[in-house]
$ cat my_file.txt   # compact mmCIF, C-alpha atoms and all ligand atoms
# COMPACT_ATOMS: atom_id res chain seq x y z
CA MET A 1 94.22 132.63 141.58
CA SER A 2 91.77 134.62 143.64
CA PRO A 3 89.36 137.48 142.91
CA LYS A 4 89.30 140.79 144.76
CA ILE A 5 86.46 141.42 147.20
CA CYS A 6 84.85 144.21 149.23
CA SER A 7 85.68 147.04 146.88
CA ASP A 8 83.98 148.94 144.10
CA SER A 9 87.18 150.40 142.63
CA LEU A 10 87.85 150.23 138.89
CA TYR A 11 90.87 148.10 139.73
CA THR A 12 88.65 145.52 141.46
CA VAL A 13 86.33 145.42 138.46
CA PHE A 14 89.30 144.90 136.15
CA VAL A 15 90.91 142.21 138.34
CA ASN A 16 87.65 140.25 138.55
CA GLU A 17 87.08 140.46 134.79
CA ALA A 18 90.63 139.24 134.27
CA PHE A 19 90.06 136.47 136.83
CA GLU A 20 87.10 135.09 134.88
CA PHE A 21 88.91 135.46 131.55
CA SER A 22 92.06 133.77 132.78
CA ILE A 23 90.34 130.89 134.58
CA LYS A 24 88.50 130.11 131.33
CA PHE A 25 91.75 130.40 129.38
CA TYR A 26 93.52 127.90 131.67
CA LYS A 27 90.48 125.58 131.85
CA ASP A 28 90.15 125.51 128.05
CA ASN A 29 93.83 125.15 127.27
CA PHE A 30 95.77 123.82 130.27
CA PRO A 31 93.28 122.14 132.65
CA GLU A 32 95.90 119.70 133.92
CA PHE A 33 97.78 122.55 135.66
CA LEU A 34 94.76 124.03 137.44
CA GLU A 35 94.01 122.83 140.99
CA GLN A 36 90.49 124.21 141.10
CA LYS A 37 89.19 123.44 144.58
CA GLY A 38 87.67 126.88 145.11
CA ILE A 39 88.85 129.65 147.39
CA LEU A 40 87.31 130.96 150.59
CA ARG A 41 87.98 134.65 151.27
CA LEU A 42 87.44 135.23 154.98
CA LEU A 43 86.00 138.57 156.06
CA LYS A 44 87.77 140.57 158.75
CA SER A 45 84.99 142.50 160.51
CA ALA A 46 81.26 143.07 160.84
CA LYS A 47 81.81 146.25 158.83
CA ASP A 48 83.30 144.09 156.05
CA ILE A 49 80.05 142.10 155.80
CA GLU A 50 78.07 145.29 155.11
CA LYS A 51 80.67 146.70 152.74
CA CYS A 52 81.10 143.47 150.77
CA LYS A 53 77.35 143.05 150.37
CA LEU A 54 77.19 146.42 148.64
CA CYS A 55 80.01 145.44 146.27
CA GLU A 56 78.74 141.97 145.31
CA GLY A 57 77.92 143.26 141.81
CA ASN A 58 81.65 143.47 141.12
CA LEU A 59 82.39 139.87 142.06
CA PRO A 60 82.93 137.08 139.55
CA LYS A 61 79.56 135.48 138.74
CA LYS A 62 80.05 132.26 140.68
CA PHE A 63 80.21 133.03 144.40
CA LYS A 64 78.38 132.39 147.65
CA TYR A 65 78.60 133.84 151.15
CA LEU A 66 79.24 131.19 153.82
CA ASN A 67 78.55 131.88 157.48
CA GLN A 68 80.62 130.63 160.41
CA ASP A 69 78.69 127.35 160.76
CA GLU A 70 79.42 126.45 157.14
CA ILE A 71 83.20 126.83 157.51
CA SER A 72 83.76 124.90 160.70
CA PHE A 73 87.28 123.79 159.77
CA VAL A 74 88.44 127.42 160.19
CA LYS A 75 89.26 128.38 163.78
CA LYS A 76 86.34 130.06 165.57
CA ASN A 77 88.06 133.37 166.17
CA GLU A 78 88.91 133.77 162.49
CA SER A 79 85.64 132.58 160.97
CA ARG A 80 83.36 134.88 162.98
CA PHE A 81 82.41 137.04 160.02
CA GLY A 82 82.12 134.24 157.48
CA GLY A 83 83.52 134.57 154.00
CA TYR A 84 82.94 134.48 150.28
CA PHE A 85 83.50 131.22 148.48
CA PHE A 86 84.49 131.23 144.80
CA GLU A 87 84.31 127.80 143.24
CA ASP A 88 86.66 128.93 140.43
CA GLY A 89 89.45 129.95 142.83
CA ALA A 90 92.49 127.86 142.01
CA ILE A 91 96.13 127.14 142.43
CA ILE A 92 98.12 126.90 139.27
CA ASP A 93 101.18 124.74 138.77
CA SER A 94 103.16 127.69 137.44
CA ALA A 95 106.33 125.86 136.42
CA GLY A 96 104.36 123.09 134.67
CA LEU A 97 102.09 125.58 132.93
CA ILE A 98 104.93 127.74 131.63
CA LYS A 99 106.83 124.70 130.34
CA LYS A 100 103.73 123.54 128.48
CA MET A 101 103.00 127.00 127.06
CA LEU A 102 106.50 127.20 125.63
CA GLU A 103 106.26 123.86 123.82
CA ASN A 104 106.95 124.35 120.09
CA ILE A 105 108.15 127.90 120.71
CA LYS A 106 111.80 128.63 120.15
CA VAL A 107 113.20 129.83 123.47
CA VAL A 108 116.69 131.20 123.94
CA GLU A 109 117.52 130.56 127.57
CA GLY A 110 120.07 132.31 129.76
CA LEU A 111 120.56 135.28 127.44
CA HIS A 112 121.10 138.52 129.34
CA VAL A 113 120.15 141.29 126.92
CA GLU A 114 122.42 144.31 127.22
CA HIS A 115 121.63 146.17 123.99
CA LEU A 116 118.55 146.44 121.86
CA ASP A 117 120.16 147.76 118.67
CA PHE A 118 117.78 148.90 115.94
CA ILE A 119 119.47 148.56 112.57
CA ASP A 120 117.74 148.70 109.14
CA ASN A 121 114.28 148.46 110.73
CA THR A 122 115.33 145.35 112.63
CA TYR A 123 116.17 144.75 116.29
CA VAL A 124 119.44 142.95 116.64
CA ILE A 125 120.03 141.08 119.91
CA GLU A 126 123.27 139.09 119.74
CA ASN A 127 122.63 136.84 116.73
CA ILE A 128 118.84 137.17 116.89
CA LYS A 129 117.06 139.48 114.48
CA ALA A 130 113.53 140.62 115.17
CA LYS A 131 111.01 142.87 113.45
CA GLY A 132 109.48 143.73 116.79
CA VAL A 133 110.05 143.41 120.52
CA ILE A 134 107.68 142.99 123.47
CA LEU A 135 109.45 143.87 126.70
CA CYS A 136 108.22 141.56 129.49
CA ALA A 137 111.27 142.14 131.64
CA GLY A 138 109.48 142.79 134.92
CA ASN A 139 111.07 145.69 136.72
CA SER A 140 114.43 145.33 135.01
CA LYS A 141 116.72 148.34 135.21
CA ASP A 142 118.58 147.11 132.12
CA PHE A 143 116.16 148.72 129.69
CA GLU A 144 115.96 152.52 129.59
CA GLN A 145 112.78 152.00 127.55
CA LEU A 146 111.05 150.85 130.75
CA GLU A 147 112.12 153.80 132.90
CA PHE A 148 109.02 155.91 132.29
CA CYS A 149 106.80 153.08 133.65
CA MET A 150 108.32 153.73 137.12
CA LEU A 151 107.70 150.13 138.14
CA LYS A 152 108.24 149.19 141.77
CA ASN A 153 108.73 145.84 143.47
CA ILE A 154 106.37 144.18 145.91
CA TYR A 155 108.09 141.39 147.81
CA GLY A 156 106.37 138.11 148.54
CA HIS A 157 106.97 134.78 150.25
CA ARG A 158 105.59 131.35 149.52
CA LEU A 159 106.25 128.26 151.60
CA ASP A 160 105.79 124.63 150.61
CA ILE A 161 104.86 122.77 153.79
CA LYS A 162 104.57 119.06 154.48
CA THR A 163 101.71 118.32 156.87
CA HIS A 164 98.93 115.82 157.56
CA MET A 165 96.41 118.63 157.82
CA LYS A 166 93.42 118.34 155.46
CA LEU A 167 91.97 121.48 153.92
CA PRO A 168 89.06 121.07 151.45
CA PHE A 169 89.62 124.34 149.59
CA HIS A 170 92.04 127.22 149.30
CA LEU A 171 91.75 129.96 151.90
CA HIS A 172 92.72 133.63 152.09
CA LYS A 173 92.64 136.25 154.83
CA SER A 174 95.86 138.12 155.55
CA CYS A 175 97.77 135.22 154.08
CA SER A 176 96.82 132.47 151.63
CA ILE A 177 96.72 128.77 152.49
CA SER A 178 96.19 126.20 149.77
CA ALA A 179 94.07 123.05 149.94
CA ASP A 180 96.18 120.01 150.74
CA LYS A 181 97.56 117.83 147.97
CA ASN A 182 99.78 114.78 148.47
CA GLY A 183 100.52 115.80 152.08
CA MET A 184 101.56 119.30 151.05
CA ILE A 185 100.09 122.79 151.49
CA HIS A 186 101.37 126.17 150.32
CA ILE A 187 101.26 129.36 152.36
CA GLY A 188 101.87 132.76 150.80
CA ALA A 189 101.76 136.40 151.77
CA THR A 190 102.81 139.88 150.76
CA HIS A 191 104.05 140.89 154.16
CA ILE A 192 107.44 142.52 153.96
CA PRO A 193 107.03 146.27 153.58
CA ASN A 194 109.22 147.53 150.75
CA HIS A 195 111.11 149.95 152.98
CA LYS A 196 112.23 147.00 155.14
CA TYR A 197 113.62 145.05 152.22
CA SER A 198 117.33 144.88 151.60
CA ASP A 199 119.41 142.36 149.66
CA SER A 200 121.63 141.59 152.61
CA LYS A 201 118.94 140.78 155.17
CA SER A 202 117.55 137.40 156.17
CA TYR A 203 113.79 137.04 156.22
CA GLU A 204 113.49 134.08 158.59
CA GLU A 205 111.52 136.10 161.14
CA TYR A 206 108.90 136.89 158.50
CA VAL A 207 108.58 133.22 157.59
CA GLY A 208 107.90 132.46 161.28
CA GLN A 209 105.28 135.21 161.42
CA MET A 210 103.56 133.85 158.33
CA ILE A 211 103.38 130.32 159.75
CA THR A 212 101.98 131.66 163.05
CA LEU A 213 99.35 133.59 161.10
CA ALA A 214 98.38 130.54 159.02
CA LYS A 215 98.15 128.44 162.20
CA SER A 216 95.74 130.96 163.69
CA TYR A 217 93.33 130.21 160.80
CA VAL A 218 93.57 126.40 160.66
CA GLY A 219 95.25 124.00 163.03
CA PHE A 220 98.37 122.23 161.84
CA ASP A 221 100.77 121.31 164.57
CA SER A 222 103.18 118.86 163.02
CA PHE A 223 104.71 120.20 159.84
CA GLU A 224 107.97 120.57 157.98
CA VAL A 225 108.90 123.50 155.76
CA GLU A 226 110.10 121.91 152.54
CA LYS A 227 110.91 124.97 150.46
CA ILE A 228 110.86 128.75 150.83
CA HIS A 229 110.22 130.88 147.75
CA PHE A 230 110.85 134.61 147.84
CA GLY A 231 110.57 137.07 145.02
CA ALA A 232 109.73 140.51 143.72
CA ARG A 233 106.50 141.12 141.87
CA ASN A 234 106.67 144.23 139.71
CA SER A 235 103.85 146.72 139.96
CA THR A 236 102.89 150.12 138.60
CA LEU A 237 102.15 153.05 140.91
CA ASP A 238 98.38 152.69 140.30
CA PHE A 239 98.49 148.83 140.45
CA PHE A 240 96.89 148.41 137.01
CA PRO A 241 99.16 146.39 134.73
CA VAL A 242 100.66 148.06 131.68
CA ALA A 243 100.44 146.96 128.04
CA GLY A 244 101.03 149.05 124.95
CA LYS A 245 103.52 150.84 122.76
CA ALA A 246 106.92 151.73 124.22
CA ILE A 247 107.03 155.53 124.33
CA ASN A 248 110.41 157.10 123.66
CA ALA A 249 110.14 159.27 126.76
CA LYS A 250 113.37 161.20 126.23
CA GLU A 251 112.62 162.20 122.64
CA THR A 252 108.94 162.91 123.32
CA LEU A 253 109.82 165.23 126.21
CA LYS A 254 112.48 166.93 124.08
CA LYS A 255 109.88 167.63 121.39
CA TYR A 256 107.03 168.54 123.77
CA PRO A 257 108.72 169.74 127.00
CA TYR A 258 105.47 171.35 128.19
CA ILE A 259 104.02 167.86 128.86
CA LYS A 260 106.07 168.15 132.08
CA ASN A 261 103.87 170.94 133.40
CA GLY A 262 100.67 169.15 132.56
CA SER A 263 99.92 170.27 128.98
CA LEU A 264 98.12 167.61 127.05
CA VAL A 265 99.59 166.31 123.82
CA PRO A 266 97.62 163.62 121.94
CA LYS A 267 99.39 160.30 122.28
CA GLU A 268 99.40 159.90 118.48
CA LYS A 269 102.00 162.70 118.44
CA TYR A 270 104.37 161.00 120.88
CA ILE A 271 107.58 159.46 119.62
CA TYR A 272 107.66 155.68 120.02
CA HIS A 273 110.38 153.08 119.85
CA PRO A 274 109.47 151.45 116.53
CA ASN A 275 107.64 148.14 116.80
CA MET A 276 108.36 147.91 120.50
CA TYR A 277 105.72 147.10 123.10
CA ILE A 278 105.63 146.72 126.88
CA LEU A 279 103.72 144.15 128.93
CA SER A 280 104.45 144.40 132.64
CA GLY A 281 103.29 145.58 136.07
CA VAL A 282 101.22 142.49 136.82
CA GLY A 283 102.03 142.90 140.53
CA ALA A 284 101.14 140.03 142.83
CA ARG A 285 98.46 138.78 140.41
CA GLY A 286 100.48 137.73 137.39
CA PHE A 287 98.60 134.52 136.74
CA VAL A 288 95.28 136.34 137.01
CA LEU A 289 96.17 139.39 134.90
CA ALA A 290 98.69 138.21 132.32
CA PRO A 291 96.37 136.20 130.00
CA LYS A 292 93.92 139.12 129.89
CA ILE A 293 96.51 141.80 129.13
CA ALA A 294 98.25 139.53 126.64
CA GLU A 295 94.89 139.30 124.83
CA ILE A 296 94.47 143.10 125.01
CA LEU A 297 97.96 143.66 123.58
CA THR A 298 97.46 141.04 120.87
CA GLN A 299 94.21 142.71 119.76
CA ASN A 300 96.02 146.03 119.64
CA ILE A 301 99.00 144.80 117.62
CA CYS A 302 97.06 142.57 115.22
CA ASN A 303 93.73 144.38 114.89
CA ASN A 304 94.48 147.94 115.98
CA ILE A 305 91.97 147.74 118.85
CA VAL A 306 92.61 150.73 121.13
CA ILE A 307 93.95 149.88 124.60
CA SER A 308 91.98 151.38 127.48
CA LYS A 309 93.58 154.36 129.23
CA LYS A 310 93.75 152.37 132.47
CA ILE A 311 96.15 149.85 130.93
CA ASP A 312 97.93 151.81 128.21
CA THR A 313 101.48 153.15 128.54
CA GLN A 314 100.38 156.80 128.17
CA ARG A 315 99.12 157.28 131.75
CA LEU A 316 102.47 156.18 133.18
CA PHE A 317 104.34 158.43 130.78
CA ILE A 318 102.27 161.46 131.86
CA LYS A 319 103.04 160.70 135.53
CA PHE A 320 106.71 160.28 134.68
CA ALA A 321 106.78 163.54 132.71
CA LYS A 322 105.23 165.50 135.59
CA LYS A 323 107.94 164.16 137.91
CA GLN A 324 110.57 165.69 135.59
CA PHE A 325 109.08 169.17 136.11
CA ILE A 326 111.48 171.37 138.07
C1 LIG B 401 106.48 134.88 146.07
C2 LIG B 401 105.57 135.06 144.89
C3 LIG B 401 104.21 134.80 145.01
C4 LIG B 401 103.35 134.96 143.94
N1 LIG B 401 102.01 134.72 144.13
C5 LIG B 401 101.16 134.90 143.11
C6 LIG B 401 99.76 134.69 143.27
O1 LIG B 401 99.29 134.35 144.35
N2 LIG B 401 98.94 134.88 142.20
C7 LIG B 401 99.43 135.26 140.99
O2 LIG B 401 98.63 135.41 140.06
N3 LIG B 401 100.75 135.46 140.79
C8 LIG B 401 101.63 135.29 141.81
N4 LIG B 401 102.98 135.49 141.61
C9 LIG B 401 103.49 135.80 140.26
C10 LIG B 401 103.62 137.29 140.03
O3 LIG B 401 102.37 137.88 140.16
C11 LIG B 401 104.09 137.64 138.62
O4 LIG B 401 103.36 136.87 137.71
C12 LIG B 401 105.51 137.37 138.41
O5 LIG B 401 106.25 138.20 139.22
C13 LIG B 401 105.87 137.49 136.93
O6 LIG B 401 105.89 138.80 136.48
P1 LIG B 401 106.67 139.23 135.19
O7 LIG B 401 106.83 138.08 134.25
O8 LIG B 401 106.01 140.47 134.66
O9 LIG B 401 108.08 139.71 135.74
P2 LIG B 401 109.31 138.89 136.31
O10 LIG B 401 108.90 137.68 137.03
O11 LIG B 401 110.13 139.92 137.06
O12 LIG B 401 110.07 138.42 134.99
C14 LIG B 401 110.93 139.24 134.24
C15 LIG B 401 111.87 138.37 133.43
O13 LIG B 401 112.70 139.22 132.63
C16 LIG B 401 114.02 138.75 132.70
N5 LIG B 401 114.97 139.86 132.43
C17 LIG B 401 115.09 141.02 133.11
N6 LIG B 401 116.10 141.76 132.59
C18 LIG B 401 116.63 141.02 131.57
C19 LIG B 401 117.71 141.24 130.66
N7 LIG B 401 118.45 142.35 130.67
N8 LIG B 401 117.99 140.27 129.75
C20 LIG B 401 117.25 139.13 129.72
N9 LIG B 401 116.21 138.86 130.55
C21 LIG B 401 115.90 139.81 131.47
C22 LIG B 401 114.17 138.20 134.12
O14 LIG B 401 115.23 137.30 134.19
C23 LIG B 401 112.80 137.53 134.30
O15 LIG B 401 112.81 136.22 133.82
C24 LIG B 401 103.87 135.36 142.67
C25 LIG B 401 105.23 135.61 142.52
C26 LIG B 401 106.08 135.47 143.61
C27 LIG B 401 107.55 135.76 143.43
$ encode --input "my_file.txt" --output "structure tokens"
Amino acid sequence: MSPKICSDSLYTVFVNEAFEFSIKFYKDNFPEFLEQKGILRLLKSAKDIEKCKLCEGNLPKKFKYLNQDEISFVKKNESRFGGYFFEDGAIIDSAGLIKKMLENIKVVEGLHVEHLDFIDNTYVIENIKAKGVILCAGNSKDFEQLEFCMLKNIYGHRLDIKTHMKLPFHLHKSCSISADKNGMIHIGATHIPNHKYSDSKSYEEYVGQMITLAKSYVGFDSFEVEKIHFGARNSTLDFFPVAGKAINAKETLKKYPYIKNGSLVPKEKYIYHPNMYILSGVGARGFVLAPKIAEILTQNICNNIVISKKIDTQRLFIKFAKKQFI
């Protein structure tokens, strides 16, 4: 769990707000799964130092800039421009956390949903009946209701590595390296361009590249790769996550075809799948963004609090509609 630095974009502001919200959420509710040793974000150039200084107002409140002398455990060539240290930066034990969160919640495991039938105001999924549905199915192609979100995958690697190397806090530059715990560190990166991904290919070469990169930051010569994780993180085209009502894109475009050429129709007039919501597009920052957008969606469903345009489903629908224009 790491904030975003060196940018004044609205996305950065949102990510850093979500970072503070989510860290507090985990600290208050699941502290045993948070490995909060702080994270050092190394800067890449002298230009970065200037740029980041100007954007410090967007950073989470607790941060400090450390110069090269203060981060002597990072190799000289990589620590030249110093870095920002965030004491709240953390690693989360994702499997442990999720197991704990689901305690006392009825979970049906291993059910592949093929139909979401809506009968007598009720969704019927096999033998489950539900008044409402929240689709958190990542970038699943199984649900036509998700098509208008045009989600894409971003592929990522994480390695669990056994080593005697000691690292006092988590570190990020072009890849992330965790602080050591019980003789283990984790290295992760988003480094396989989507156009190079294919189901049939092996990604060994990329694992090698990631280890070489990590070794250029901190020295660890003897090590053993214990486990390789690889997965797709689903993302929207504008990188903001998406939470809100599931628009019935087909019916809405049938009723208001001129949305395709850019005409504005108030979202209140759209046709929606009844009592169906979407929460997705958390990209590579699921553990940072999900608690915040879950809160936003909860406030919307329970208290009718309007969801900001940046997060709501409408913006993705408008982009989708324009793509249908021929
Ligand atoms: C390698 C890697 C590194 C990561 N690193 C970080 C990190 O540094 N920081 C961070 O915050 N997060 C990280 N994440 C987590 C990531 O950001 C997202 O949180 C994660 O991808 C979860 O997103 P999601 O739940 O929206 O979607 P998914 O993980 O795609 O989950 C969708 C679920 O829907 C289910 N589903 C789909 N279709 C159907 C169907 N028809 N019927 C039933 N079930 C269905 C799938 O089985 C799946 O369980 C990482 C993830 C990976 C893979």
$ residues_near_ligand --input "my_file.txt" --ligand "ligand LIG 401 (chain B)" --cutoff "6 Å" --atoms "only C-alpha atoms and all ligand atoms" --output "JSON list (two decimals) with C-alpha atoms, in the frame of the given file"
[["chain", "number", "residue", "atom", "x", "y", "z"],
["A", 1, "MET", "CA", 94.22, 132.63, 141.58],
["A", 111, "LEU", "CA", 120.56, 135.28, 127.44],
["A", 112, "HIS", "CA", 121.10, 138.52, 129.34],
["A", 113, "VAL", "CA", 120.15, 141.29, 126.92],
["A", 114, "GLU", "CA", 122.42, 144.31, 127.22],
["A", 136, "CYS", "CA", 108.22, 141.56, 129.49],
["A", 137, "ALA", "CA", 111.27, 142.14, 131.64],
["A", 138, "GLY", "CA", 109.48, 142.79, 134.92],
["A", 139, "ASN", "CA", 111.07, 145.69, 136.72],
["A", 140, "SER", "CA", 114.43, 145.33, 135.01],
["A", 142, "ASP", "CA", 118.58, 147.11, 132.12],
["A", 156, "GLY", "CA", 106.37, 138.11, 148.54],
["A", 157, "HIS", "CA", 106.97, 134.78, 150.25],
["A", 158, "ARG", "CA", 105.59, 131.35, 149.52],
["A", 229, "HIS", "CA", 110.22, 130.88, 147.75],
["A", 230, "PHE", "CA", 110.85, 134.61, 147.84],
["A", 231, "GLY", "CA", 110.57, 137.07, 145.02],
["A", 232, "ALA", "CA", 109.73, 140.51, 143.72],
["A", 233, "ARG", "CA", 106.50, 141.12, 141.87],
["A", 280, "SER", "CA", 104.45, 144.40, 132.64],
["A", 281, "GLY", "CA", 103.29, 145.58, 136.07],
["A", 282, "VAL", "CA", 101.22, 142.49, 136.82],
["A", 283, "GLY", "CA", 102.03, 142.90, 140.53],
["A", 284, "ALA", "CA", 101.14, 140.03, 142.83],
["A", 285, "ARG", "CA", 98.46, 138.78, 140.41],
["A", 286, "GLY", "CA", 100.48, 137.73, 137.39],
["A", 287, "PHE", "CA", 98.60, 134.52, 136.74],
["A", 288, "VAL", "CA", 95.28, 136.34, 137.01]]
$ residues_around --input "my_file.txt" --residues "stretch 160-174 of chain A" --least-positions-apart "4" --cutoff "7 Å" --atoms "only C-alpha atoms" --output "list of chain:residue names"
A:Lys37, A:Gly38, A:Ile39, A:Leu40, A:Arg41, A:Leu42, A:Ser178, A:Ala179, A:Asp180, A:Gly183, A:Met184, A:Ile185, A:His186, A:Ile187, A:Phe220, A:Ser222, A:Phe223, A:Glu224, A:Val225, A:Glu226, A:Lys227, A:Ile228
$ residues_around --input "my_file.txt" --residues "stretch 235-242 of chain A" --least-positions-apart "6" --cutoff "7 Å" --atoms "only C-alpha atoms" --output "list in words"
Tyr11, Cys149, Met150, Leu151, Lys152, Asn153, Ile154, Leu279, Ser280, Gly281, Val282, Gly283, Lys310, Ile311, Asp312 and Thr313 of chain A
$ write_last_selection --input "my_file.txt" --atoms "C-alpha atoms" --output "PDB file, in the coordinates of the input"
ATOM      1  CA  TYR A  11      90.870 148.100 139.730  1.00  0.00           C
ATOM      2  CA  CYS A 149     106.800 153.080 133.650  1.00  0.00           C
ATOM      3  CA  MET A 150     108.320 153.730 137.120  1.00  0.00           C
ATOM      4  CA  LEU A 151     107.700 150.130 138.140  1.00  0.00           C
ATOM      5  CA  LYS A 152     108.240 149.190 141.770  1.00  0.00           C
ATOM      6  CA  ASN A 153     108.730 145.840 143.470  1.00  0.00           C
ATOM      7  CA  ILE A 154     106.370 144.180 145.910  1.00  0.00           C
ATOM      8  CA  LEU A 279     103.720 144.150 128.930  1.00  0.00           C
ATOM      9  CA  SER A 280     104.450 144.400 132.640  1.00  0.00           C
ATOM     10  CA  GLY A 281     103.290 145.580 136.070  1.00  0.00           C
ATOM     11  CA  VAL A 282     101.220 142.490 136.820  1.00  0.00           C
ATOM     12  CA  GLY A 283     102.030 142.900 140.530  1.00  0.00           C
ATOM     13  CA  LYS A 310      93.750 152.370 132.470  1.00  0.00           C
ATOM     14  CA  ILE A 311      96.150 149.850 130.930  1.00  0.00           C
ATOM     15  CA  ASP A 312      97.930 151.810 128.210  1.00  0.00           C
ATOM     16  CA  THR A 313     101.480 153.150 128.540  1.00  0.00           C
TER      17      THR A 313
END
$ residues_around --input "my_file.txt" --residues "A:Asn127" --least-positions-apart "2" --cutoff "12 Å" --atoms "all atoms listed in the file" --output "number ranges by chain"
A: 108, 111, 113, 115-117, 122-125, 129-130
$ residues_around --input "my_file.txt" --residues "stretch 62-74 of chain A" --least-positions-apart "5" --cutoff "6 Å" --atoms "all atoms listed in the file" --output "ChimeraX atom specification"
/A:79-80,82-86,217-218
$ write_last_selection --input "my_file.txt" --atoms "C-alpha atoms" --output "PDB file, in the coordinates of the input"
ATOM      1  CA  SER A  79      85.640 132.580 160.970  1.00  0.00           C
ATOM      2  CA  ARG A  80      83.360 134.880 162.980  1.00  0.00           C
ATOM      3  CA  GLY A  82      82.120 134.240 157.480  1.00  0.00           C
ATOM      4  CA  GLY A  83      83.520 134.570 154.000  1.00  0.00           C
ATOM      5  CA  TYR A  84      82.940 134.480 150.280  1.00  0.00           C
ATOM      6  CA  PHE A  85      83.500 131.220 148.480  1.00  0.00           C
ATOM      7  CA  PHE A  86      84.490 131.230 144.800  1.00  0.00           C
ATOM      8  CA  TYR A 217      93.330 130.210 160.800  1.00  0.00           C
ATOM      9  CA  VAL A 218      93.570 126.400 160.660  1.00  0.00           C
TER      10      VAL A 218
END
$ atom_distance --input "my_file.txt" --atom1 "atom CA of A:Asn16" --atom2 "atom CA of A:Leu54"
15.8 Å
$ residues_around --input "my_file.txt" --residues "A:Glu56" --least-positions-apart "3" --cutoff "8 Å" --atoms "only C-alpha atoms" --output "PyMOL selection string"
chain A and resi 5-6+52-53+59
$ write_last_selection --input "my_file.txt" --atoms "C-alpha atoms" --output "PDB file, in the frame of the given file"
ATOM      1  CA  ILE A   5      86.460 141.420 147.200  1.00  0.00           C
ATOM      2  CA  CYS A   6      84.850 144.210 149.230  1.00  0.00           C
ATOM      3  CA  CYS A  52      81.100 143.470 150.770  1.00  0.00           C
ATOM      4  CA  LYS A  53      77.350 143.050 150.370  1.00  0.00           C
ATOM      5  CA  LEU A  59      82.390 139.870 142.060  1.00  0.00           C
TER       6      LEU A  59
END
$ closest_residue --input "my_file.txt" --among "A:Tyr272, A:Phe320, A:Phe325, A:Tyr206" --to "A:Glu147" --atoms "only C-alpha atoms"
A:Phe320
$ residues_near_point --input "my_file.txt" --point "(92.6, 140.9, 135.1)" --cutoff "6 Å" --atoms "all atoms listed in the file" --output "compact mmCIF listing (two decimals) with C-alpha atoms, keeping the file's coordinate frame"
# COMPACT_ATOMS: atom_id res chain seq x y z
CA PHE A 14 89.30 144.90 136.15
CA VAL A 15 90.91 142.21 138.34
CA GLU A 17 87.08 140.46 134.79
CA ALA A 18 90.63 139.24 134.27
CA PHE A 19 90.06 136.47 136.83
CA VAL A 288 95.28 136.34 137.01
CA LEU A 289 96.17 139.39 134.90
CA LYS A 292 93.92 139.12 129.89
$ closest_residue --input "my_file.txt" --among "A:Glu78, A:Tyr270, A:Asn58, A:Glu32" --to "A:Ser45" --atoms "all atoms listed in the file"
A:Glu78
$ closest_residue --input "my_file.txt" --among "A:Val133, A:Ala46, A:Lys250, A:Ile278" --to "A:Phe118" --atoms "all atoms listed in the file"
A:Val133
